[in-house]
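**Q** This is the structure I want to talk about, given as structure tokens.
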Amino acid sequence: MAEHWLEDVDYFAKELPKRHKNLFFQLKEEDFHKDIEKLKKEIPYLEDYRIITEIMKITAKVGDSHTGVAIWKIPAFRHVPVTYKLFSDGIFATAAIEEYRPVIGQKLIATNGHTVDKVIHVLETIISHENEAQVKTQVPWLIGCPEILHALDIISEPDSVIMEFEVAGRMVLIPVPYNTENLDFIYAVDEEQEPPLYLINKDLYYWYKWIDQEQTLYFQYNHCAEIDTLSFKKFMNRMLGFIENHDVQKFIFDIRLNGGGNSSIAEPLIKDLKNNKKINQKGKLYVCVGRNTFSSAILNAIILKKETNAIFIGEPTRGKPNHYGEVRSMILPNTGLTISYSTKYFKETEEDEPTFYPDIVVELSSADFFAGRDPVLEEILSNK
């Protein structure tokens with residue numbers, strides 16, 4: 001197996017610089033090759049998950065959030081049967097199997113004696129990121145992966161993780177294979193509780209809802225792509241027709257959950273909003289952005305900012321306005337490890353900001369989440 005990994009690391013080292021638009025825009029080429037040679041010397045003594053973690057470290061140094069290891073379904077990685085979310089007030093367990101029920105809804109304080117802040121700082125070294133939001137989106141999964149925690153010397157062995165919670169105290173969590181579809185999770189938020197509006201149809205690419213009492217049209221755009229059953233053009237015309245026939249006091253364009261795709265799909269809608277005197281007014285048009293707003297969705301946000309009078313609200317975005325993108329993937333021939341990389345550079349603004357900043361910052365707290373509240377929507381509706 002070591003021979004296979006050596007061949008794959010050589011392939012990785014040769015192909016990634018050729019395929020990426022500009023791999024060494026931040027990382028020095030000599031440092032890249034030094035890291036490769038160091039890894040090759042260590043491969044005969046490392047488990048698969050340690051090798052993968054080292055490759056993640058190398059890709060993280062590139063400084064391009066589109067370039068990295070596709071880790072989510074790697075057989076070498078397991079996960080504790082607890083799900084986590086990172087809020088403005090810390091990391092909380094939002095679901096768990098029956099055995100670990102006491103941790104549900106609890107704040108995570110430490111992992112194997114290391115504070116959460118320290119663990120996050122270590123995990124940053126393997127996350128391909130350009131800003132804090134990118135780290136926030138990946139930490140909740142990585143912090144429950146024992147193989148990664150072990151490879152980074154956060155825990156002493158990969159078959160259990162000692163986690164300390166604010167009220168539940170110290171718990172020893174035993175990992176399971178990552179494919180947890182057959183596990184019976186208990187959720188902190190009652191499944192019968194009505195979720196906030198932005199989570200009701202999170203799997204739909206685009207949809208809208210009329211909030212009658214507030215005379216507000218809420219539009220959520222979750223993926224920069226079209227669905228076969230309803231083209232975006234037909235959907236857009238239907239929604240614009242609704243606007244024409246109703247007294248719309250506020251229009252909300254929500255891209256908080258949009259991780260990208262094809263930015264050109266929404267451009268006709270943005271053009272129509274720009275030319276719509278009824279909607280394109282300060283205090284009537286709002287765009288919601290957040291830590292999951294990424295790639296092409298950011299390009300849409302930039303156009304909206306340039307072309308309309310929209311007020312932007314939410315959290316800073318996961319990607320940069322100026323960024324490498326147009327993603328492709330390569331598969332290492334022996335181990336099947338998938339590496340994503342960028343093939344194009346997008347320069348959208350003169351200033352090279354690390355993120356797209358909203359005009360009004362509104363973060364989600366654990367109390368908001370567990371109570372089923374959406375502070376972003378509440379802020380918009382209360383804004384007179």
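We name chains A, B, ... following the order of the structure tokens; residues begin at 1 in each chain, and ligands are numbered from 1 as shown.
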DSSP on the backbone, then: every residue of region 73-205 of chain A marked alpha helix (DSSP H), written as a PyMOL selection string.

**A** chain A and resi 116-123+132-142+146-151+197-200

**Q** Could you please take those selected residues and save N, CA and C atoms as a PDB file, in the first residue's frame?

**A**
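Written output follows (part02.pdb):
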```
ATOM      1  N   VAL A 116     -11.751  24.096  23.067  1.00  0.00           N
ATOM      2  CA  VAL A 116     -12.312  24.161  21.712  1.00  0.00           C
ATOM      3  C   VAL A 116     -11.542  25.160  20.852  1.00  0.00           C
ATOM      4  N   ASP A 117     -11.176  26.293  21.419  1.00  0.00           N
ATOM      5  CA  ASP A 117     -10.426  27.303  20.654  1.00  0.00           C
ATOM      6  C   ASP A 117      -9.101  26.735  20.146  1.00  0.00           C
ATOM      7  N   LYS A 118      -8.436  25.950  20.993  1.00  0.00           N
ATOM      8  CA  LYS A 118      -7.164  25.357  20.583  1.00  0.00           C
ATOM      9  C   LYS A 118      -7.381  24.324  19.480  1.00  0.00           C
ATOM     10  N   VAL A 119      -8.420  23.521  19.625  1.00  0.00           N
ATOM     11  CA  VAL A 119      -8.716  22.509  18.610  1.00  0.00           C
ATOM     12  C   VAL A 119      -9.022  23.165  17.262  1.00  0.00           C
ATOM     13  N   ILE A 120      -9.815  24.229  17.289  1.00  0.00           N
ATOM     14  CA  ILE A 120     -10.132  24.947  16.048  1.00  0.00           C
ATOM     15  C   ILE A 120      -8.859  25.485  15.402  1.00  0.00           C
ATOM     16  N   HIS A 121      -7.962  26.019  16.222  1.00  0.00           N
ATOM     17  CA  HIS A 121      -6.702  26.569  15.721  1.00  0.00           C
ATOM     18  C   HIS A 121      -5.889  25.485  15.007  1.00  0.00           C
ATOM     19  N   VAL A 122      -5.886  24.276  15.551  1.00  0.00           N
ATOM     20  CA  VAL A 122      -5.151  23.165  14.921  1.00  0.00           C
ATOM     21  C   VAL A 122      -5.861  22.719  13.647  1.00  0.00           C
ATOM     22  N   LEU A 123      -7.182  22.625  13.691  1.00  0.00           N
ATOM     23  CA  LEU A 123      -7.944  22.191  12.519  1.00  0.00           C
ATOM     24  C   LEU A 123      -7.792  23.160  11.349  1.00  0.00           C
ATOM     25  N   GLU A 132     -12.403  33.406   7.806  1.00  0.00           N
ATOM     26  CA  GLU A 132     -12.913  32.732   9.002  1.00  0.00           C
ATOM     27  C   GLU A 132     -14.181  31.940   8.727  1.00  0.00           C
ATOM     28  N   ALA A 133     -15.018  32.422   7.815  1.00  0.00           N
ATOM     29  CA  ALA A 133     -16.282  31.741   7.529  1.00  0.00           C
ATOM     30  C   ALA A 133     -16.046  30.334   6.987  1.00  0.00           C
ATOM     31  N   GLN A 134     -15.016  30.167   6.167  1.00  0.00           N
ATOM     32  CA  GLN A 134     -14.694  28.849   5.620  1.00  0.00           C
ATOM     33  C   GLN A 134     -14.334  27.881   6.736  1.00  0.00           C
ATOM     34  N   VAL A 135     -13.611  28.362   7.715  1.00  0.00           N
ATOM     35  CA  VAL A 135     -13.258  27.525   8.870  1.00  0.00           C
ATOM     36  C   VAL A 135     -14.519  27.147   9.646  1.00  0.00           C
ATOM     37  N   LYS A 136     -15.403  28.121   9.845  1.00  0.00           N
ATOM     38  CA  LYS A 136     -16.634  27.876  10.606  1.00  0.00           C
ATOM     39  C   LYS A 136     -17.506  26.800   9.981  1.00  0.00           C
ATOM     40  N   THR A 137     -17.498  26.713   8.649  1.00  0.00           N
ATOM     41  CA  THR A 137     -18.351  25.731   7.988  1.00  0.00           C
ATOM     42  C   THR A 137     -17.812  24.311   8.103  1.00  0.00           C
ATOM     43  N   GLN A 138     -16.496  24.151   8.250  1.00  0.00           N
ATOM     44  CA  GLN A 138     -15.912  22.809   8.258  1.00  0.00           C
ATOM     45  C   GLN A 138     -15.594  22.270   9.643  1.00  0.00           C
ATOM     46  N   VAL A 139     -15.344  23.156  10.597  1.00  0.00           N
ATOM     47  CA  VAL A 139     -14.993  22.714  11.946  1.00  0.00           C
ATOM     48  C   VAL A 139     -16.031  21.781  12.572  1.00  0.00           C
ATOM     49  N   PRO A 140     -17.339  22.051  12.461  1.00  0.00           N
ATOM     50  CA  PRO A 140     -18.318  21.173  13.118  1.00  0.00           C
ATOM     51  C   PRO A 140     -18.241  19.710  12.689  1.00  0.00           C
ATOM     52  N   TRP A 141     -17.839  19.442  11.449  1.00  0.00           N
ATOM     53  CA  TRP A 141     -17.672  18.040  11.032  1.00  0.00           C
ATOM     54  C   TRP A 141     -16.307  17.510  11.465  1.00  0.00           C
ATOM     55  N   LEU A 142     -15.268  18.269  11.214  1.00  0.00           N
ATOM     56  CA  LEU A 142     -13.911  17.813  11.512  1.00  0.00           C
ATOM     57  C   LEU A 142     -13.700  17.522  12.999  1.00  0.00           C
ATOM     58  N   PRO A 146     -12.380  11.239  14.518  1.00  0.00           N
ATOM     59  CA  PRO A 146     -11.245  10.820  15.358  1.00  0.00           C
ATOM     60  C   PRO A 146      -9.953  10.586  14.595  1.00  0.00           C
ATOM     61  N   GLU A 147     -10.047  10.103  13.355  1.00  0.00           N
ATOM     62  CA  GLU A 147      -8.811   9.881  12.596  1.00  0.00           C
ATOM     63  C   GLU A 147      -8.073  11.190  12.352  1.00  0.00           C
ATOM     64  N   ILE A 148      -8.810  12.234  12.023  1.00  0.00           N
ATOM     65  CA  ILE A 148      -8.190  13.546  11.809  1.00  0.00           C
ATOM     66  C   ILE A 148      -7.654  14.096  13.126  1.00  0.00           C
ATOM     67  N   LEU A 149      -8.440  13.969  14.184  1.00  0.00           N
ATOM     68  CA  LEU A 149      -7.996  14.456  15.500  1.00  0.00           C
ATOM     69  C   LEU A 149      -6.729  13.729  15.949  1.00  0.00           C
ATOM     70  N   HIS A 150      -6.661  12.435  15.662  1.00  0.00           N
ATOM     71  CA  HIS A 150      -5.470  11.663  16.035  1.00  0.00           C
ATOM     72  C   HIS A 150      -4.264  12.059  15.187  1.00  0.00           C
ATOM     73  N   ALA A 151      -4.496  12.234  13.874  1.00  0.00           N
ATOM     74  CA  ALA A 151      -3.398  12.621  12.984  1.00  0.00           C
ATOM     75  C   ALA A 151      -2.815  13.975  13.365  1.00  0.00           C
ATOM     76  N   LEU A 197     -38.228  29.875   8.415  1.00  0.00           N
ATOM     77  CA  LEU A 197     -38.539  29.898   6.986  1.00  0.00           C
ATOM     78  C   LEU A 197     -37.357  29.473   6.117  1.00  0.00           C
ATOM     79  N   TYR A 198     -36.154  29.904   6.459  1.00  0.00           N
ATOM     80  CA  TYR A 198     -35.017  29.628   5.589  1.00  0.00           C
ATOM     81  C   TYR A 198     -34.596  28.166   5.583  1.00  0.00           C
ATOM     82  N   LEU A 199     -35.136  27.360   6.515  1.00  0.00           N
ATOM     83  CA  LEU A 199     -34.807  25.938   6.562  1.00  0.00           C
ATOM     84  C   LEU A 199     -35.940  25.045   6.069  1.00  0.00           C
ATOM     85  N   ILE A 200     -37.082  25.622   5.746  1.00  0.00           N
ATOM     86  CA  ILE A 200     -38.236  24.813   5.357  1.00  0.00           C
ATOM     87  C   ILE A 200     -37.991  24.076   4.038  1.00  0.00           C
TER      88      ILE A 200
END
```

**Q** Which residues come within 10 Å of Ile43 (chain A), counting only C-alpha atoms, excluding same-chain residues fewer than 2 positions away, as a compact mmCIF listing (two decimals) with N, CA and C atoms, in the first residue's frame?

**A**
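Okay, this is what ended up in out-v5.txt:
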```
# COMPACT_ATOMS: atom_id res chain seq x y z
N MET A 1 0.83 -1.21 0.00
CA MET A 1 0.00 0.00 0.00
C MET A 1 0.87 1.26 0.00
N ALA A 2 2.02 1.18 0.69
CA ALA A 2 2.91 2.33 0.72
C ALA A 2 3.37 2.71 -0.68
N GLU A 3 3.61 1.68 -1.51
CA GLU A 3 4.04 1.93 -2.89
C GLU A 3 2.96 2.68 -3.67
N TRP A 5 0.68 4.68 -2.40
CA TRP A 5 0.63 6.05 -1.91
C TRP A 5 1.79 6.88 -2.48
N LEU A 6 2.98 6.29 -2.56
CA LEU A 6 4.13 7.02 -3.11
C LEU A 6 3.86 7.42 -4.56
N VAL A 9 1.21 10.26 -4.51
CA VAL A 9 1.73 11.55 -4.07
C VAL A 9 2.59 12.17 -5.18
N LYS A 38 8.99 15.45 2.21
CA LYS A 38 8.87 15.07 3.63
C LYS A 38 7.79 14.00 3.79
N LEU A 39 6.65 14.19 3.14
CA LEU A 39 5.56 13.23 3.23
C LEU A 39 5.98 11.88 2.65
N LYS A 40 6.67 11.89 1.53
CA LYS A 40 7.08 10.63 0.90
C LYS A 40 8.02 9.82 1.81
N LYS A 41 8.87 10.51 2.55
CA LYS A 41 9.76 9.80 3.48
C LYS A 41 8.98 9.17 4.62
N TYR A 45 5.55 4.68 7.18
CA TYR A 45 5.26 4.55 8.62
C TYR A 45 3.90 5.12 9.00
N LEU A 46 3.13 5.58 8.02
CA LEU A 46 1.87 6.24 8.32
C LEU A 46 0.66 5.43 7.89
N GLU A 47 -0.41 5.52 8.69
CA GLU A 47 -1.69 4.95 8.30
C GLU A 47 -2.30 5.81 7.17
N ASP A 48 -3.28 5.23 6.46
CA ASP A 48 -3.90 5.96 5.35
C ASP A 48 -4.44 7.30 5.79
N ARG A 50 -3.55 9.25 8.16
CA ARG A 50 -2.49 10.22 8.42
C ARG A 50 -1.94 10.80 7.10
N ILE A 51 -1.83 9.96 6.10
CA ILE A 51 -1.34 10.42 4.80
C ILE A 51 -2.33 11.42 4.21
N GLU A 54 -2.11 14.71 5.90
CA GLU A 54 -0.93 15.47 5.47
C GLU A 54 -1.16 16.12 4.10
```

**Q** Among the residues of region 123-274 of chain A, find those DSSP assigns to strand (DSSP E or B) from the backbone and print them as a PyMOL selection string.

**A** chain A and resi 161-165+169-173+176-177+186-187+206-211+216-221+224+227+230+250-254+261

**Q** Each residue of region 97-131 of chain A with at least one atom at most 12 Å from region 294-308 of chain A should appear once, together with its nearest atom pair and the corresponding distance in Å (one decimal); atoms considered: only C-alpha atoms; ordering: chain, then increasing residue number; output as CSV.

**A**
```
residue,atom,partner,partner_atom,distance
A:His129,CA,A:Phe294,CA,11.5
A:Glu130,CA,A:Phe294,CA,11.3
A:Asn131,CA,A:Phe294,CA,11.6
```

**Q** Generate the output file for the selected residues, N, CA and C atoms, as an mmCIF file, in the first residue's frame.

**A**
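The file below, part03.cif, is the result:
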```cif
data_model
loop_
_atom_site.group_PDB
_atom_site.id
_atom_site.type_symbol
_atom_site.label_atom_id
_atom_site.label_comp_id
_atom_site.auth_asym_id
_atom_site.auth_seq_id
_atom_site.Cartn_x
_atom_site.Cartn_y
_atom_site.Cartn_z
ATOM 1 N N HIS A 129 -8.900 27.419 3.118
ATOM 2 C CA HIS A 129 -9.758 28.562 3.424
ATOM 3 C C HIS A 129 -9.082 29.882 3.094
ATOM 4 N N GLU A 130 -9.935 30.882 2.896
ATOM 5 C CA GLU A 130 -9.480 32.239 2.633
ATOM 6 C C GLU A 130 -9.971 33.200 3.701
ATOM 7 N N ASN A 131 -10.840 32.716 4.579
ATOM 8 C CA ASN A 131 -11.380 33.569 5.627
ATOM 9 C C ASN A 131 -11.955 32.723 6.768
#
```

**Q** Which residues are near region 82-96 of chain A? Cut-off 7 Å, only C-alpha atoms, ignore same chain within fewer than 6 positions. Put them as a ChimeraX atom specification.

**A** /A:103-108,136,140-141,185-188,363-366

**Q** Would you output that residue set with C-alpha atoms, as an mmCIF file, in the first residue's frame?

**A**
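Result written to out34.cif:
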```cif
data_model
loop_
_atom_site.group_PDB
_atom_site.id
_atom_site.type_symbol
_atom_site.label_atom_id
_atom_site.label_comp_id
_atom_site.auth_asym_id
_atom_site.auth_seq_id
_atom_site.Cartn_x
_atom_site.Cartn_y
_atom_site.Cartn_z
ATOM 1 C CA VAL A 103 -24.926 15.838 25.276
ATOM 2 C CA ILE A 104 -27.782 16.995 23.020
ATOM 3 C CA GLY A 105 -28.144 20.758 23.185
ATOM 4 C CA GLN A 106 -24.929 21.066 25.203
ATOM 5 C CA LYS A 107 -21.991 23.361 24.539
ATOM 6 C CA LEU A 108 -18.686 21.638 23.778
ATOM 7 C CA LYS A 136 -16.634 27.876 10.606
ATOM 8 C CA PRO A 140 -18.318 21.173 13.118
ATOM 9 C CA TRP A 141 -17.672 18.040 11.032
ATOM 10 C CA PHE A 185 -30.510 10.261 15.811
ATOM 11 C CA ILE A 186 -32.328 12.237 18.467
ATOM 12 C CA TYR A 187 -32.454 15.960 17.659
ATOM 13 C CA ALA A 188 -32.273 18.915 20.013
ATOM 14 C CA GLU A 363 -25.206 36.096 13.692
ATOM 15 C CA LEU A 364 -27.110 32.986 14.749
ATOM 16 C CA SER A 365 -26.830 32.102 18.450
ATOM 17 C CA SER A 366 -27.499 28.690 19.973
#
```

**Q** Hey, can you check how far CA of Leu152 (chain A) sits from CA of Glu7 (chain A)?

**A** 23.9 Å
